[in-house]
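What's in structure.txt: compact mmCIF, C-alpha atoms
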# COMPACT_ATOMS: atom_id res chain seq x y z
CA MET A 1 -35.58 6.65 -79.02
CA ASN A 2 -34.96 5.91 -82.65
CA THR A 3 -34.79 2.26 -83.52
CA ARG A 4 -33.48 0.68 -86.67
CA GLN A 5 -32.80 -2.58 -88.36
CA ILE A 6 -29.69 -3.75 -86.54
CA ILE A 7 -27.44 -4.21 -89.56
CA ASP A 8 -28.18 -3.69 -93.22
CA ASP A 9 -25.46 -5.86 -94.65
CA SER A 10 -25.52 -8.49 -97.37
CA GLN A 11 -23.52 -10.78 -95.11
CA GLY A 12 -26.13 -10.51 -92.37
CA PRO A 13 -25.90 -9.14 -88.82
CA PHE A 14 -22.55 -9.39 -87.03
CA SER A 15 -21.77 -8.36 -83.47
CA ARG A 16 -18.20 -7.49 -82.40
CA SER A 17 -18.75 -7.59 -78.65
CA ALA A 18 -21.31 -8.43 -75.97
CA THR A 19 -20.92 -6.92 -72.49
CA PHE A 20 -23.18 -6.91 -69.43
CA ASN A 21 -23.67 -3.79 -67.33
CA SER A 22 -22.81 -3.83 -63.62
CA ASP A 23 -26.08 -5.40 -62.39
CA ASN A 24 -26.49 -7.69 -65.44
CA SER A 25 -29.91 -6.17 -66.21
CA CYS A 26 -28.76 -5.28 -69.75
CA PHE A 27 -26.09 -6.19 -72.24
CA SER A 28 -24.64 -3.94 -74.92
CA VAL A 29 -23.46 -5.12 -78.31
CA GLY A 30 -20.90 -3.53 -80.61
CA LEU A 31 -21.86 -3.79 -84.28
CA GLU A 32 -20.34 -3.25 -87.70
CA ASP A 33 -22.36 -0.02 -87.98
CA GLY A 34 -23.04 1.09 -84.41
CA PHE A 35 -24.27 -0.46 -81.18
CA CYS A 36 -27.44 -1.70 -79.50
CA ILE A 37 -28.65 -2.52 -76.00
CA PHE A 38 -30.81 -5.47 -74.92
CA SER A 39 -32.54 -6.25 -71.65
CA SER A 40 -31.13 -9.47 -70.19
CA ASN A 41 -34.27 -11.26 -69.03
CA PRO A 42 -36.28 -11.39 -71.16
CA CYS A 43 -34.00 -10.65 -74.10
CA GLU A 44 -35.57 -7.62 -75.77
CA LEU A 45 -34.08 -4.80 -77.81
CA ARG A 46 -34.10 -1.55 -75.79
CA MET A 47 -32.36 0.79 -78.18
CA SER A 48 -29.88 0.96 -81.05
CA ARG A 49 -27.72 3.56 -82.72
CA SER A 50 -26.29 3.61 -86.23
CA PHE A 51 -23.01 5.39 -86.98
CA ASN A 52 -22.43 3.72 -90.37
CA ALA A 53 -19.10 2.70 -88.83
CA GLY A 54 -17.93 -0.11 -86.56
CA ILE A 55 -17.93 -0.32 -82.75
CA GLY A 56 -15.60 -3.02 -81.43
CA LEU A 57 -16.59 -2.59 -77.80
CA ALA A 58 -19.64 -1.02 -76.16
CA ALA A 59 -20.02 -1.02 -72.36
CA MET A 60 -22.81 0.60 -70.32
CA VAL A 61 -22.32 2.68 -67.17
CA GLY A 62 -24.88 0.98 -64.90
CA GLN A 63 -28.33 1.84 -66.27
CA SER A 64 -27.38 5.38 -67.23
CA ASN A 65 -27.30 7.06 -70.62
CA TYR A 66 -23.50 6.78 -70.78
CA LEU A 67 -21.60 4.11 -72.69
CA ALA A 68 -17.91 3.50 -73.30
CA LEU A 69 -17.20 2.97 -77.00
CA VAL A 70 -14.10 1.74 -78.82
CA GLY A 71 -13.90 1.52 -82.59
CA GLY A 72 -13.65 -1.82 -84.40
CA GLY A 73 -14.70 -3.85 -87.41
CA ARG A 74 -14.03 -3.25 -91.08
CA ARG A 75 -14.69 0.53 -90.86
CA PRO A 76 -14.02 1.61 -87.26
CA ARG A 77 -15.92 4.61 -85.93
CA TYR A 78 -12.93 5.60 -83.77
CA PRO A 79 -9.23 4.66 -83.72
CA GLN A 80 -8.68 1.68 -81.46
CA ASN A 81 -6.39 3.68 -79.18
CA LYS A 82 -9.27 6.06 -78.36
CA LEU A 83 -11.96 5.55 -75.70
CA VAL A 84 -15.14 7.60 -76.05
CA ILE A 85 -17.69 8.02 -73.26
CA TRP A 86 -20.90 8.49 -75.26
CA ASP A 87 -23.83 10.49 -73.86
CA ASP A 88 -26.81 8.93 -75.57
CA VAL A 89 -29.21 11.66 -74.44
CA LYS A 90 -27.14 14.38 -76.08
CA GLN A 91 -26.05 12.04 -78.89
CA LYS A 92 -22.41 13.07 -78.63
CA ALA A 93 -19.12 12.24 -76.94
CA ALA A 94 -18.94 13.49 -73.35
CA ILE A 95 -15.36 12.37 -72.63
CA THR A 96 -12.58 11.27 -74.97
CA LEU A 97 -9.38 9.55 -73.82
CA GLU A 98 -6.49 8.73 -76.14
CA PHE A 99 -3.69 6.26 -75.45
CA SER A 100 -0.45 5.20 -77.11
CA THR A 101 -1.70 1.64 -77.71
CA SER A 102 -5.03 -0.07 -78.39
CA VAL A 103 -7.73 -0.16 -75.74
CA LEU A 104 -8.25 -3.84 -74.95
CA GLY A 105 -10.80 -3.65 -72.13
CA VAL A 106 -12.91 -1.16 -70.20
CA ARG A 107 -14.61 -1.33 -66.77
CA LEU A 108 -16.92 1.42 -65.58
CA SER A 109 -18.63 2.79 -62.50
CA LYS A 110 -20.33 6.11 -61.85
CA SER A 111 -17.08 7.49 -60.44
CA ARG A 112 -14.29 5.68 -62.31
CA ILE A 113 -13.17 4.61 -65.76
CA VAL A 114 -10.71 1.69 -65.86
CA VAL A 115 -8.86 1.14 -69.13
CA ALA A 116 -6.88 -2.02 -69.88
CA LEU A 117 -3.97 -1.63 -72.29
CA LEU A 118 -1.49 -4.32 -73.30
CA ASN A 119 0.99 -3.62 -70.48
CA SER A 120 -0.83 -1.27 -68.13
CA ILE A 121 -4.07 -0.44 -66.34
CA GLU A 122 -5.14 3.19 -66.11
CA VAL A 123 -7.74 4.46 -63.65
CA TRP A 124 -9.49 7.76 -64.42
CA ALA A 125 -12.03 9.83 -62.53
CA PHE A 126 -15.39 9.89 -64.31
CA SER A 127 -15.44 13.67 -64.54
CA ARG A 128 -15.15 16.53 -66.97
CA PRO A 129 -12.36 17.11 -67.53
CA PRO A 130 -11.30 13.53 -66.72
CA GLU A 131 -8.43 13.08 -64.26
CA ARG A 132 -6.01 10.16 -64.32
CA LEU A 133 -5.82 8.75 -60.79
CA PHE A 134 -3.52 5.73 -61.13
CA ILE A 135 -1.46 3.84 -63.65
CA PHE A 136 -0.23 0.30 -62.96
CA GLU A 137 2.18 -1.83 -64.99
CA THR A 138 1.09 -5.35 -65.94
CA THR A 139 2.44 -8.33 -67.79
CA ASP A 140 1.08 -8.72 -71.33
CA ASN A 141 -2.71 -8.51 -71.01
CA PRO A 142 -4.04 -9.08 -74.55
CA LEU A 143 -7.47 -10.05 -73.17
CA GLY A 144 -7.94 -6.72 -71.42
CA LEU A 145 -8.62 -8.45 -68.09
CA ALA A 146 -9.70 -6.26 -65.15
CA CYS A 147 -12.40 -6.46 -62.44
CA LEU A 148 -13.85 -3.32 -60.88
CA GLY A 149 -15.71 -3.46 -57.57
CA GLN A 150 -16.98 -0.71 -55.28
CA LYS A 151 -13.76 -0.63 -53.26
CA LEU A 152 -11.31 -2.85 -55.14
CA LEU A 153 -9.77 -3.24 -58.57
CA ALA A 154 -8.18 -6.54 -59.67
CA PHE A 155 -6.05 -7.12 -62.77
CA PRO A 156 -3.00 -9.11 -63.94
CA GLY A 157 0.29 -8.55 -62.13
CA ARG A 158 3.73 -7.88 -63.54
CA SER A 159 4.46 -11.60 -63.91
CA PRO A 160 2.32 -14.16 -65.75
CA GLY A 161 -0.27 -15.74 -63.47
CA GLN A 162 -0.11 -13.01 -60.83
CA VAL A 163 -3.06 -10.84 -59.77
CA GLN A 164 -2.79 -7.31 -58.41
CA ILE A 165 -5.55 -6.12 -56.06
CA VAL A 166 -5.76 -2.36 -55.50
CA GLU A 167 -7.70 -0.49 -52.83
CA LEU A 168 -9.27 2.30 -54.85
CA GLU A 169 -9.31 4.86 -52.05
CA THR A 170 -5.66 4.47 -51.06
CA GLY A 171 -3.95 2.90 -54.06
CA ASN A 172 -2.49 0.18 -51.84
CA VAL A 173 -1.56 -2.92 -53.85
CA SER A 174 -1.59 -6.61 -52.85
CA ILE A 175 -0.13 -9.39 -55.01
CA ILE A 176 -1.63 -12.88 -55.38
CA PRO A 177 0.48 -15.58 -57.11
CA ALA A 178 -2.65 -17.21 -58.49
CA HIS A 179 -1.26 -19.43 -61.28
CA SER A 180 2.01 -20.50 -62.88
CA THR A 181 0.70 -19.74 -66.40
CA PRO A 182 -0.92 -16.54 -67.77
CA LEU A 183 -4.41 -15.59 -66.61
CA ARG A 184 -7.30 -16.39 -68.89
CA ALA A 185 -10.30 -15.13 -66.87
CA MET A 186 -11.06 -13.53 -63.51
CA THR A 187 -14.01 -12.13 -61.57
CA LEU A 188 -14.82 -10.40 -58.28
CA SER A 189 -17.88 -11.29 -56.23
CA PRO A 190 -20.58 -8.59 -56.05
CA ASP A 191 -19.49 -7.73 -52.48
CA GLY A 192 -15.83 -7.61 -53.55
CA GLU A 193 -14.69 -10.14 -50.95
CA VAL A 194 -14.00 -13.11 -53.24
CA LEU A 195 -11.80 -13.34 -56.34
CA ALA A 196 -11.93 -16.29 -58.75
CA THR A 197 -9.28 -16.86 -61.43
CA ALA A 198 -8.51 -19.28 -64.27
CA SER A 199 -5.31 -19.67 -66.26
CA GLU A 200 -4.55 -20.66 -69.83
CA ALA A 201 -4.52 -24.31 -68.72
CA GLY A 202 -8.27 -24.08 -68.09
CA THR A 203 -8.50 -27.06 -65.75
CA LEU A 204 -8.62 -25.37 -62.32
CA ILE A 205 -10.38 -22.30 -60.94
CA ARG A 206 -8.78 -20.82 -57.84
CA VAL A 207 -10.71 -18.83 -55.26
CA PHE A 208 -9.17 -16.18 -52.97
CA ALA A 209 -10.32 -13.94 -50.13
CA THR A 210 -9.51 -10.37 -51.17
CA SER A 211 -9.11 -9.18 -47.56
CA ASN A 212 -5.97 -11.24 -46.91
CA CYS A 213 -5.23 -12.85 -50.34
CA VAL A 214 -5.60 -16.36 -48.83
CA ARG A 215 -6.59 -19.11 -51.25
CA MET A 216 -9.91 -20.54 -50.04
CA ALA A 217 -10.65 -23.21 -52.63
CA GLU A 218 -9.52 -24.88 -55.82
CA LEU A 219 -12.28 -26.04 -58.17
CA ARG A 220 -11.80 -28.43 -61.07
CA ARG A 221 -13.52 -27.51 -64.33
CA GLY A 222 -12.20 -30.67 -66.00
CA VAL A 223 -9.15 -32.79 -66.75
CA ASP A 224 -8.51 -31.77 -70.36
CA HIS A 225 -7.07 -28.41 -71.37
CA ALA A 226 -9.79 -25.86 -72.17
CA ILE A 227 -10.08 -22.19 -73.02
CA VAL A 228 -12.10 -20.58 -70.25
CA PHE A 229 -14.35 -17.89 -71.70
CA ALA A 230 -15.80 -16.34 -68.55
CA LEU A 231 -16.23 -16.58 -64.77
CA ALA A 232 -19.14 -14.99 -62.88
CA ILE A 233 -20.26 -15.06 -59.24
CA SER A 234 -23.93 -14.98 -58.22
CA PRO A 235 -25.58 -12.02 -56.42
CA SER A 236 -25.60 -14.09 -53.21
CA ASN A 237 -21.78 -14.45 -53.52
CA ASN A 238 -21.92 -18.25 -53.02
CA LEU A 239 -22.14 -19.69 -56.56
CA LEU A 240 -19.63 -19.54 -59.42
CA ALA A 241 -20.44 -20.08 -63.11
CA VAL A 242 -17.79 -20.95 -65.71
CA THR A 243 -17.95 -21.26 -69.50
CA SER A 244 -15.30 -22.67 -71.84
CA ASP A 245 -14.67 -23.73 -75.41
CA LYS A 246 -16.03 -27.16 -74.47
CA SER A 247 -19.45 -25.48 -74.94
CA THR A 248 -20.18 -26.28 -71.30
CA LEU A 249 -21.50 -24.09 -68.50
CA HIS A 250 -20.42 -25.32 -65.05
CA VAL A 251 -21.82 -24.15 -61.70
CA PHE A 252 -19.87 -24.54 -58.43
CA ASP A 253 -20.55 -23.90 -54.78
CA LEU A 254 -18.29 -21.13 -53.56
CA PRO A 255 -16.88 -20.53 -50.07
CA HIS A 256 -17.20 -17.05 -48.60
CA PRO A 257 -15.12 -15.57 -45.74
CA ARG A 258 -18.12 -13.87 -44.07
CA ASN A 259 -20.31 -16.94 -44.09
CA SER A 260 -21.03 -17.93 -40.48
CA ALA A 261 -20.51 -21.54 -41.52
CA TYR A 262 -17.28 -20.72 -43.36
CA ARG A 263 -15.07 -23.06 -41.31
CA ASN A 264 -17.45 -25.93 -41.82
CA GLN A 265 -17.70 -25.04 -45.48
CA GLN A 266 -13.91 -25.03 -45.75
CA ALA A 267 -13.83 -28.47 -44.16
CA SER A 268 -16.26 -29.74 -46.75
CA PHE A 269 -14.07 -28.40 -49.54
CA SER A 270 -10.87 -29.86 -48.11
CA ASP A 271 -12.07 -33.09 -46.51
CA GLU A 272 -15.45 -34.68 -47.10
CA GLY A 273 -16.39 -32.58 -50.12
CA VAL A 274 -19.84 -31.84 -51.45
CA ASN A 275 -19.07 -32.39 -55.13
CA ARG A 276 -16.46 -35.14 -55.23
CA LYS A 277 -16.90 -36.66 -58.65
CA TRP A 278 -15.02 -39.83 -57.76
CA GLY A 279 -16.58 -40.45 -54.32
CA VAL A 280 -14.59 -42.84 -52.12
CA LEU A 281 -11.72 -42.96 -54.63
CA GLY A 282 -10.81 -39.44 -53.52
CA LYS A 283 -9.87 -40.76 -50.08
CA ILE A 284 -7.42 -43.39 -51.31
CA PRO A 285 -3.81 -42.28 -50.65
CA LEU A 286 -1.37 -41.83 -53.56
CA LEU A 287 -4.04 -41.60 -56.26
CA PRO A 288 -3.70 -38.55 -58.55
CA ARG A 289 -5.26 -35.41 -57.06
CA VAL A 290 -7.87 -35.31 -59.86
CA PHE A 291 -9.77 -37.97 -57.89
CA SER A 292 -10.05 -35.77 -54.79
CA ASP A 293 -10.77 -32.41 -56.43
CA VAL A 294 -14.05 -30.49 -56.10
CA TYR A 295 -16.15 -30.51 -59.28
CA SER A 296 -19.22 -28.54 -60.34
CA PHE A 297 -22.56 -29.63 -58.91
CA ALA A 298 -24.36 -28.91 -62.20
CA SER A 299 -23.53 -28.29 -65.85
CA ALA A 300 -25.30 -27.60 -69.14
CA HIS A 301 -24.46 -27.18 -72.82
CA PHE A 302 -24.46 -23.72 -74.40
CA GLU A 303 -24.15 -22.88 -78.10
CA MET A 304 -20.99 -21.18 -79.36
CA GLY A 305 -22.15 -20.87 -82.98
CA GLU A 306 -20.17 -21.48 -86.12
CA ASP A 307 -17.75 -18.61 -85.53
CA GLY A 308 -17.03 -19.81 -81.99
CA LEU A 309 -14.29 -22.14 -83.21
CA GLY A 310 -10.71 -21.36 -84.07
CA PRO A 311 -8.31 -18.97 -82.29
CA LEU A 312 -9.46 -17.62 -78.96
CA PRO A 313 -11.38 -14.32 -79.06
CA PRO A 314 -10.19 -11.72 -76.54
CA LEU A 315 -13.09 -11.16 -74.16
CA GLY A 316 -14.23 -7.58 -74.37
CA SER A 317 -11.54 -6.72 -76.88
CA ALA A 318 -12.05 -4.46 -79.86
CA LEU A 319 -9.74 -6.77 -81.80
CA GLY A 320 -9.86 -10.42 -82.81
CA ARG A 321 -12.75 -12.84 -82.90
CA PRO A 322 -16.02 -12.03 -81.13
CA PRO A 323 -16.40 -13.24 -77.52
CA LYS A 324 -18.50 -16.28 -76.58
CA GLY A 325 -19.91 -17.60 -73.32
CA VAL A 326 -20.23 -14.24 -71.54
CA ILE A 327 -22.15 -14.83 -68.28
CA GLY A 328 -24.57 -12.58 -66.42
CA TRP A 329 -26.43 -13.65 -63.25
CA THR A 330 -29.87 -12.00 -63.28
CA ASP A 331 -30.77 -13.50 -59.88
CA ASN A 332 -29.42 -16.20 -57.57
CA ASP A 333 -30.95 -19.01 -59.66
CA THR A 334 -30.82 -17.58 -63.19
CA MET A 335 -27.95 -17.03 -65.61
CA VAL A 336 -27.88 -15.52 -69.06
CA VAL A 337 -25.10 -16.56 -71.45
CA VAL A 338 -24.50 -14.43 -74.54
CA GLY A 339 -22.06 -14.58 -77.40
CA ALA A 340 -21.19 -12.27 -80.27
CA GLY A 341 -20.48 -12.96 -83.94
CA SER A 342 -22.64 -13.82 -86.94
CA ASP A 343 -24.58 -16.24 -84.72
CA GLY A 344 -25.01 -13.94 -81.72
CA ARG A 345 -27.09 -15.85 -79.17
CA TRP A 346 -28.83 -15.27 -75.86
CA GLU A 347 -29.45 -18.34 -73.67
CA LYS A 348 -31.20 -18.51 -70.30
CA PHE A 349 -30.26 -21.12 -67.70
CA VAL A 350 -31.96 -21.79 -64.37
CA LEU A 351 -30.95 -23.85 -61.34
CA ARG A 352 -33.52 -26.38 -60.16
CA GLU A 353 -33.55 -28.85 -57.28
CA GLY A 354 -34.51 -32.45 -57.97
CA GLU A 355 -34.87 -35.58 -55.93
CA GLU A 356 -32.76 -35.97 -52.79
CA GLY A 357 -31.61 -32.37 -53.03
CA LYS A 358 -29.62 -32.81 -56.25
CA ARG A 359 -29.35 -29.55 -58.20
CA TYR A 360 -29.57 -29.20 -61.98
CA CYS A 361 -28.78 -26.49 -64.51
CA ILE A 362 -31.48 -26.34 -67.20
CA ARG A 363 -31.60 -24.28 -70.36
CA GLU A 364 -34.98 -22.58 -70.26
CA GLY A 365 -34.85 -20.55 -73.45
CA TRP A 366 -32.70 -19.10 -76.24
CA LYS A 367 -32.82 -16.79 -79.24
CA ARG A 368 -30.61 -15.16 -81.85
CA TYR A 369 -30.74 -11.62 -80.61
CA LEU A 370 -29.63 -10.06 -83.92
CA GLY A 371 -32.00 -11.98 -86.16
CA ASP A 372 -35.09 -14.12 -86.37
CA GLY A 373 -35.39 -17.45 -84.67
CA SER A 374 -35.81 -18.79 -81.17
C-alpha cells encoding of this file:
Amino acid sequence: MNTRQIIDDSQGPFSRSATFNSDNSCFSVGLEDGFCIFSSNPCELRMSRSFNAGIGLAAMVGQSNYLALVGGGRRPRYPQNKLVIWDDVKQKAAITLEFSTSVLGVRLSKSRIVVALLNSIEVWAFSRPPERLFIFETTDNPLGLACLGQKLLAFPGRSPGQVQIVELETGNVSIIPAHSTPLRAMTLSPDGEVLATASEAGTLIRVFATSNCVRMAELRRGVDHAIVFALAISPSNNLLAVTSDKSTLHVFDLPHPRNSAYRNQQASFSDEGVNRKWGVLGKIPLLPRVFSDVYSFASAHFEMGEDGLGPLPPLGSALGRPPKGVIGWTDNDTMVVVGAGSDGRWEKFVLREGEEGKRYCIREGWKRYLGDGS
C-alpha cells in the first residue's frame, strides 16, 4: 500500500473524525486531504490515502477493504448528502448513496449500511445494487446517533429522550422513554442485550435490557452538567466507560440480564451498592438522591487538546468541530481513547487491581497520532 505524509499543510495536520471499527482493532481518521487507518493497540499507521480533498467521516467495515466516506473540511471530496462505500483494493467507489439532507452518522456491518440523517434513519442492504430495507422517522438527531448490533438497531425515537430499538430481521420496533431531555450518547453491548444512554444533562447514564426494555440501573457520572462525548461497553458486557467534556474517563460496573448472579447484582445496585460514593449517608432517609446513587469505581484524566473546547462537536458527524473522547475497548481491561482535531491524540488506559480489591484506571501511554511526540 502507498503511504504518504498525512497532511502537507502549512497549518499542520488536522483530523475531521476518528471512528473505531466494529471490534475496536483499528480506528479510521478523516483528514483535510483524505483518510488514514491506525491500529488501536499499539497505535501504528496501517495505511493512508490522499484525495487532495477533505473527508469529514471515514468508517471501516470490520477489517475489510471497504470504508464508508462522507465529504467534509474546507474542500470536501464529496457533497455531504452523499455516502460513498470505498473499495480500497480497487481504489474506487463500490456503492454510492445520495440523500436529500446531510449524512450525519454511519454504522456498518458486512450485510447492512445504516445512515443517520437529521430526522430519519435509513437501513440499506450492503449489496450491489444497494437495496433500502427500512426507513424510520426520528426526532432531530444532529449528532447522527445510532447503534448497530448483530440483531438489533437502536437510535433516537420520535420524541426527545426516546430510544427506538428495531429487530433487524423483522423490523419490529420497541420504544424506551430513556430521558426527559434529548439524547447525547448511546451504546449497545457487544452481545446486543444491554443499552446504555446519556442525555444532554450529562449527569446520569441509564442502562436497559433490550429484550424487554426494562431499566436495570442508573449510574451517576457526576453532579454538575457535562457534555458526554461517548459511551462504550467492554467485550465481557459487564463494564461501561464514559467520557465527557470534564476531560474525565469514568468506568462503571454494569448489570447484565444473562448473568447468573443478576438478581444479586441488581440488589447491590439498588440496596447495598458497590460504588456508593457517600457510604452510609446514602441510607439516610430524605437526603437528596445524589447521596445514594451508584458512581464509577475508577476514573482517569484524558486530554481533549486545545480544540476540544467550545461548542460541542457532533460525534461522527461530517460537520462541526472534531469529536473528542471516542472510546474503544481492545480487551476487558484495556481502553483506547482517541480524539480528532489539530491535536489528534491516542491514549491507552488499563484497569488494575490494588490493595483490598480496589480497582484503578491508569493511563499507560499516549501519542499524537498525526504528528511527532509521545
Write out as a PyMOL selection string which residues come within 8 Å of Ser22 of chain A when counting all atoms listed in the file, dropping same-chain ones fewer than 2 positions away.
chain A and resi 20+24-25+61-62+109
Would you list the residues near (-19.7, -17.7, -70.1) (no more than 6 Å away, in the coordinates of the file, using all atoms listed in the file) as JSON, numbers by chain?
{"A": [229, 230, 242, 243, 325, 326, 327, 337]}
Selection to disk with C-alpha atoms, as a compact mmCIF listing (two decimals), keeping the file's coordinate frame:
# COMPACT_ATOMS: atom_id res chain seq x y z
CA PHE A 229 -14.35 -17.89 -71.70
CA ALA A 230 -15.80 -16.34 -68.55
CA VAL A 242 -17.79 -20.95 -65.71
CA THR A 243 -17.95 -21.26 -69.50
CA GLY A 325 -19.91 -17.60 -73.32
CA VAL A 326 -20.23 -14.24 -71.54
CA ILE A 327 -22.15 -14.83 -68.28
CA VAL A 337 -25.10 -16.56 -71.45
So that I can see what lies close to Ile113 of chain A, please list as a PDB file with C-alpha atoms, in the frame of the given file the residues with an atom at most 8 Å from it, counting all atoms listed in the file and leaving out residues fewer than 5 positions away in the same chain.
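Printed below is result.pdb as written:
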ATOM      1  CA  VAL A 106     -12.910  -1.160 -70.200  1.00  0.00           C
ATOM      2  CA  ARG A 107     -14.610  -1.330 -66.770  1.00  0.00           C
ATOM      3  CA  LEU A 108     -16.920   1.420 -65.580  1.00  0.00           C
ATOM      4  CA  VAL A 123      -7.740   4.460 -63.650  1.00  0.00           C
ATOM      5  CA  TRP A 124      -9.490   7.760 -64.420  1.00  0.00           C
ATOM      6  CA  ALA A 125     -12.030   9.830 -62.530  1.00  0.00           C
ATOM      7  CA  PHE A 126     -15.390   9.890 -64.310  1.00  0.00           C
TER       8      PHE A 126
END
Around the point (-10.7, -14.0, -60.1), in the coordinates given by the file, pick out the residues reaching within 10 Å, counting all atoms listed in the file, and return them as an MDAnalysis selection string.
chainID A and resid 145:147 154:156 163 178 183:189 194:199 205:210 231:233
Taken to one decimal, the atom CA of Asp343 of chain A-atom CA of Lys246 of chain A distance is 17.2 Å
Near Leu45 of chain A, counting all atoms listed in the file, which residues have an atom at most 10 Å away, once you skip same-chain residues fewer than 5 positions from it, shown as a CSV table (one decimal) with C-alpha atoms, keeping the file's coordinate frame?
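Resulting contents of out19.csv:
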chain,number,residue,atom,x,y,z
A,3,THR,CA,-34.8,2.3,-83.5
A,6,ILE,CA,-29.7,-3.8,-86.5
A,26,CYS,CA,-28.8,-5.3,-69.8
A,27,PHE,CA,-26.1,-6.2,-72.2
A,28,SER,CA,-24.6,-3.9,-74.9
A,36,CYS,CA,-27.4,-1.7,-79.5
A,37,ILE,CA,-28.6,-2.5,-76.0
A,38,PHE,CA,-30.8,-5.5,-74.9
A,39,SER,CA,-32.5,-6.2,-71.6
A,40,SER,CA,-31.1,-9.5,-70.2
A,369,TYR,CA,-30.7,-11.6,-80.6
A,370,LEU,CA,-29.6,-10.1,-83.9
What lies within 8 Å of Pro160 of chain A using only C-alpha atoms, ignoring chain neighbours under 5 positions off, as a list in words?
Thr139, Asp140, His179, Ser180, Thr181, Pro182 and Leu183 of chain A
